[in-house]
Amino acid sequence: MTVTASMVKELREKTGAGMMDCKKALTETNGDMEKAIEYLREKGLAKAAKKAVRVAAEGLTTVEVEGNVAVLVEVNCETDFVAKNAEFQGFLSEVSKHLVKHRPGSVEEALQQKLEGSQETLQERLHALISKIGENIKLRRFEVVEKTDKDVFGAYIHMGGNISVLTVLENTTNENLAKDVAMHIAALNPRYISRNDVPEEVVNQEREILKQQALNEGKPEHIVEKMVEGRLGKFYQEVCLLEQEFVKDPDLTVGKLLQQEGQDVKVKQFYRYQLGEGIEKKQQNFAEEVMSQVKK
């Protein structure tokens with residue numbers, strides 16, 4: 001039987017499941033609407049879809065390294081109770097290993113890939129977990145990074161997954177140094193590697209802010225420009241990794257730390273995930289949070 005767009009729309013309205021999941025359900029059940037609804041319920045897709053609108057800002061981040069490939073990943077849930085759940089943590093581990101091996105280009109692509117040794121897709125596994133645990137769970141983001149044999153990964157996971165950092169150092173195999181740099185990035189959150197990486201519009205915006213601040217302080221206009229350039233130096237020290245004071249030894253900048261390893265040792269790239277950053281969290285007190293779990 002031909003599955004029409006109107007049939008998919010009707011099933012989606014009845015179950016709240018995704019469009020592709022509805023189409024697949026109707027195809028598998030030869031267009032039988034009731035059997036398609038049952039199919040989605042058995043797969044946990046209808047229940048998962050209803051939870052998908054709920055804010056998931058807790059969870060964990062992690063780093064997985066396999067040879068010359070590494071992945072930084074964040075998986076979210078609704079409460080820190082679930083983040084401590086062994087099944088949730090097992091899913092995070094399974095996801096990170098899958099991403100390292102299959103290297104998808106997007107979250108959407110990853111969700112459609114079949115898991116190792118299974119006919120189940122990552123999305124189907126995710127929906128089954130949502131149905132079992134009773135919370136909205138999302139693979140929010142990931143970054144697959146590759147290096148050469150002449151480079152080294154630095155991985156650091158802070159507070160069990162609240163912050164994770166992945167960095168690549170060129171022309172060294174010193175893992176301890178790479179991890180130290182990753183730890184520093186976790187602590188001080190630089191935005192760029194060097195001042196050469198700061199976009200011109202960002203510099204100009206900061207320059208205008210500093211100029212206005214100096215004028216507001218009543219400084220004469222003829223010395224404002226020199227003051228601004230001096231204060232820009234402090235701005236670079238705040239946002240550029242190589243100019244920051246090394247967190248384990250403030251007498252060194254990160255740039256000088258790398259020079260001690262070798263003049264050609266450089267930070268090729270870094271990525272830093274902080275759990276839930278950019279997600280507007282729902283304000284809820286502890287008692288309400290506990291009761292919400294009890295009622296599920």
# chains A, B, ... in the order shown; residues from 1 in each chain; ligands from 1

call {"tool": "residues_around", "arguments": {"residues": "A:Asp32", "least_positions_apart": "5", "cutoff": "10 Å", "atoms": "only C-alpha atoms", "output": "ChimeraX atom specification"}}
result
/A:1,3,7,25-27,37-38

call {"tool": "residues_around", "arguments": {"residues": "stretch 218-233 of chain A", "least_positions_apart": "5", "cutoff": "9 Å", "atoms": "only C-alpha atoms", "output": "ChimeraX atom specification"}}
result
/A:203,206-208,210-211,213,238

call {"tool": "residues_around", "arguments": {"residues": "A:Thr148", "least_positions_apart": "4", "cutoff": "12 Å", "atoms": "only C-alpha atoms", "output": "list in words"}}
result
Gly67, Asn68, Val69, Ala70, Val152, Phe153, Val168, Leu169, Glu170, Asn171, Thr172, Thr173 and Lys268 of chain A

call {"tool": "atom_distance", "arguments": {"atom1": "atom CA of A:Tyr236", "atom2": "atom CA of A:Asp180"}}
result
20.8 Å

call {"tool": "atom_distance", "arguments": {"atom1": "atom CA of A:Ala182", "atom2": "atom CA of A:Lys147"}}
result
15.7 Å

call {"tool": "select_by_dssp", "arguments": {"residues": "stretch 41-106 of chain A", "states": "alpha helix (DSSP H)", "output": "ChimeraX atom specification"}}
result
/A:41-43,45-51,80-83,86-102

call {"tool": "write_last_selection", "arguments": {"atoms": "C-alpha atoms", "output": "mmCIF file, in the first residue's frame"}}
result
data_model
loop_
_atom_site.group_PDB
_atom_site.id
_atom_site.type_symbol
_atom_site.label_atom_id
_atom_site.label_comp_id
_atom_site.auth_asym_id
_atom_site.auth_seq_id
_atom_site.Cartn_x
_atom_site.Cartn_y
_atom_site.Cartn_z
ATOM 1 C CA ARG A 41 4.524 2.568 21.039
ATOM 2 C CA GLU A 42 6.428 -0.722 21.012
ATOM 3 C CA LYS A 43 9.510 1.081 19.762
ATOM 4 C CA LEU A 45 8.908 6.416 19.719
ATOM 5 C CA ALA A 46 5.529 7.899 20.584
ATOM 6 C CA LYS A 47 6.467 8.264 24.241
ATOM 7 C CA ALA A 48 9.877 9.678 23.342
ATOM 8 C CA ALA A 49 8.358 12.292 21.051
ATOM 9 C CA LYS A 50 6.133 13.648 23.802
ATOM 10 C CA LYS A 51 9.166 14.099 26.050
ATOM 11 C CA ASP A 80 21.387 15.280 37.331
ATOM 12 C CA PHE A 81 19.778 12.181 38.879
ATOM 13 C CA VAL A 82 19.611 10.598 35.455
ATOM 14 C CA ALA A 83 23.106 11.834 34.583
ATOM 15 C CA ALA A 86 24.497 3.730 34.995
ATOM 16 C CA GLU A 87 22.347 3.212 31.903
ATOM 17 C CA PHE A 88 22.670 6.868 30.878
ATOM 18 C CA GLN A 89 26.427 6.735 31.371
ATOM 19 C CA GLY A 90 26.576 3.481 29.419
ATOM 20 C CA PHE A 91 24.699 5.135 26.567
ATOM 21 C CA LEU A 92 27.147 8.058 26.587
ATOM 22 C CA SER A 93 30.043 5.604 26.360
ATOM 23 C CA GLU A 94 28.357 3.686 23.540
ATOM 24 C CA VAL A 95 27.672 6.911 21.638
ATOM 25 C CA SER A 96 31.226 8.224 21.980
ATOM 26 C CA LYS A 97 32.741 4.927 20.783
ATOM 27 C CA HIS A 98 30.338 4.866 17.839
ATOM 28 C CA LEU A 99 31.214 8.430 16.847
ATOM 29 C CA VAL A 100 34.959 7.770 16.952
ATOM 30 C CA LYS A 101 34.602 4.706 14.738
ATOM 31 C CA HIS A 102 32.044 5.967 12.203
#

call {"tool": "atom_distance", "arguments": {"atom1": "atom CA of A:Leu60", "atom2": "atom CA of A:Val165"}}
result
12.6 Å

call {"tool": "residues_around", "arguments": {"residues": "A:Lys281", "least_positions_apart": "5", "cutoff": "10 Å", "atoms": "only C-alpha atoms", "output": "PyMOL selection string"}}
result
chain A and resi 55-58+78+276

call {"tool": "closest_residue", "arguments": {"among": "A:Val65, A:Val144, A:Ile137, A:Ile193", "to": "A:Pro104", "atoms": "only C-alpha atoms"}}
result
A:Val144

call {"tool": "residues_around", "arguments": {"residues": "A:Val75", "least_positions_apart": "3", "cutoff": "7 Å", "atoms": "only C-alpha atoms", "output": "list in words"}}
result
Gly59, Leu60, Thr61, Leu92, Lys138, Leu139 and Arg140 of chain A

call {"tool": "select_by_dssp", "arguments": {"residues": "stretch 38-104 of chain A", "states": "strand (DSSP E)", "output": "list in words"}}
result
Glu58, Gly59, Leu60, Thr61, Thr62, Val63, Glu64, Val65, Glu66, Val69, Ala70, Val71, Leu72, Val73, Glu74, Val75, Asn76 and Cys77 of chain A

call {"tool": "closest_residue", "arguments": {"among": "A:Glu146, A:Ala17, A:Arg125, A:Asp249", "to": "A:Glu66", "atoms": "only C-alpha atoms"}}
result
A:Glu146

call {"tool": "decode", "arguments": {"residues": "stretch 150-173 of chain A", "atoms": "N, CA and C atoms", "output": "CSV table (one decimal), in the first residue's frame"}}
result
chain,number,residue,atom,x,y,z
A,150,LYS,N,52.6,12.8,14.1
A,150,LYS,CA,53.5,13.8,14.7
A,150,LYS,C,52.9,14.6,15.8
A,151,ASP,N,51.6,14.5,15.9
A,151,ASP,CA,50.8,15.3,16.9
A,151,ASP,C,50.3,14.5,18.1
A,152,VAL,N,49.7,15.2,19.0
A,152,VAL,CA,49.2,14.5,20.2
A,152,VAL,C,47.9,15.1,20.7
A,153,PHE,N,47.0,14.2,21.1
A,153,PHE,CA,45.8,14.7,21.7
A,153,PHE,C,46.0,15.0,23.2
A,154,GLY,N,45.3,16.0,23.6
A,154,GLY,CA,45.2,16.3,25.1
A,154,GLY,C,43.7,16.2,25.5
A,155,ALA,N,43.4,15.3,26.4
A,155,ALA,CA,42.0,15.2,26.8
A,155,ALA,C,41.9,15.4,28.3
A,156,TYR,N,40.9,16.2,28.7
A,156,TYR,CA,40.7,16.5,30.1
A,156,TYR,C,39.2,16.6,30.4
A,157,ILE,N,38.7,15.8,31.4
A,157,ILE,CA,37.3,15.8,31.8
A,157,ILE,C,37.2,16.3,33.2
A,158,HIS,N,36.5,17.4,33.4
A,158,HIS,CA,36.4,18.0,34.7
A,158,HIS,C,35.1,17.6,35.4
A,159,MET,N,35.3,17.3,36.7
A,159,MET,CA,34.1,17.0,37.6
A,159,MET,C,33.2,15.9,37.0
A,160,GLY,N,33.8,14.9,36.4
A,160,GLY,CA,33.1,13.8,35.9
A,160,GLY,C,32.3,14.0,34.6
A,161,GLY,N,32.5,15.2,34.0
A,161,GLY,CA,31.8,15.4,32.8
A,161,GLY,C,31.1,16.8,32.7
A,162,ASN,N,31.3,17.6,33.7
A,162,ASN,CA,30.7,19.0,33.6
A,162,ASN,C,31.4,19.8,32.5
A,163,ILE,N,32.7,19.6,32.4
A,163,ILE,CA,33.4,20.3,31.3
A,163,ILE,C,34.4,19.3,30.7
A,164,SER,N,34.5,19.2,29.4
A,164,SER,CA,35.4,18.4,28.7
A,164,SER,C,36.2,19.2,27.7
A,165,VAL,N,37.5,18.9,27.6
A,165,VAL,CA,38.3,19.6,26.6
A,165,VAL,C,39.1,18.6,25.8
A,166,LEU,N,39.2,18.9,24.5
A,166,LEU,CA,40.1,18.2,23.6
A,166,LEU,C,40.9,19.1,22.8
A,167,THR,N,42.3,18.9,22.9
A,167,THR,CA,43.2,19.8,22.2
A,167,THR,C,44.2,18.9,21.4
A,168,VAL,N,44.7,19.5,20.3
A,168,VAL,CA,45.7,18.9,19.5
A,168,VAL,C,47.0,19.7,19.5
A,169,LEU,N,48.1,19.1,19.9
A,169,LEU,CA,49.4,19.8,19.8
A,169,LEU,C,50.2,19.3,18.7
A,170,GLU,N,50.8,20.2,17.9
A,170,GLU,CA,51.6,19.8,16.8
A,170,GLU,C,53.1,19.6,17.2
A,171,ASN,N,53.7,18.6,16.5
A,171,ASN,CA,55.2,18.4,16.6
A,171,ASN,C,55.6,18.0,18.0
A,172,THR,N,54.8,17.2,18.6
A,172,THR,CA,55.2,16.7,19.9
A,172,THR,C,54.3,15.4,20.2
A,173,THR,N,54.9,14.5,21.0
A,173,THR,CA,54.1,13.4,21.4
A,173,THR,C,53.9,13.4,22.9
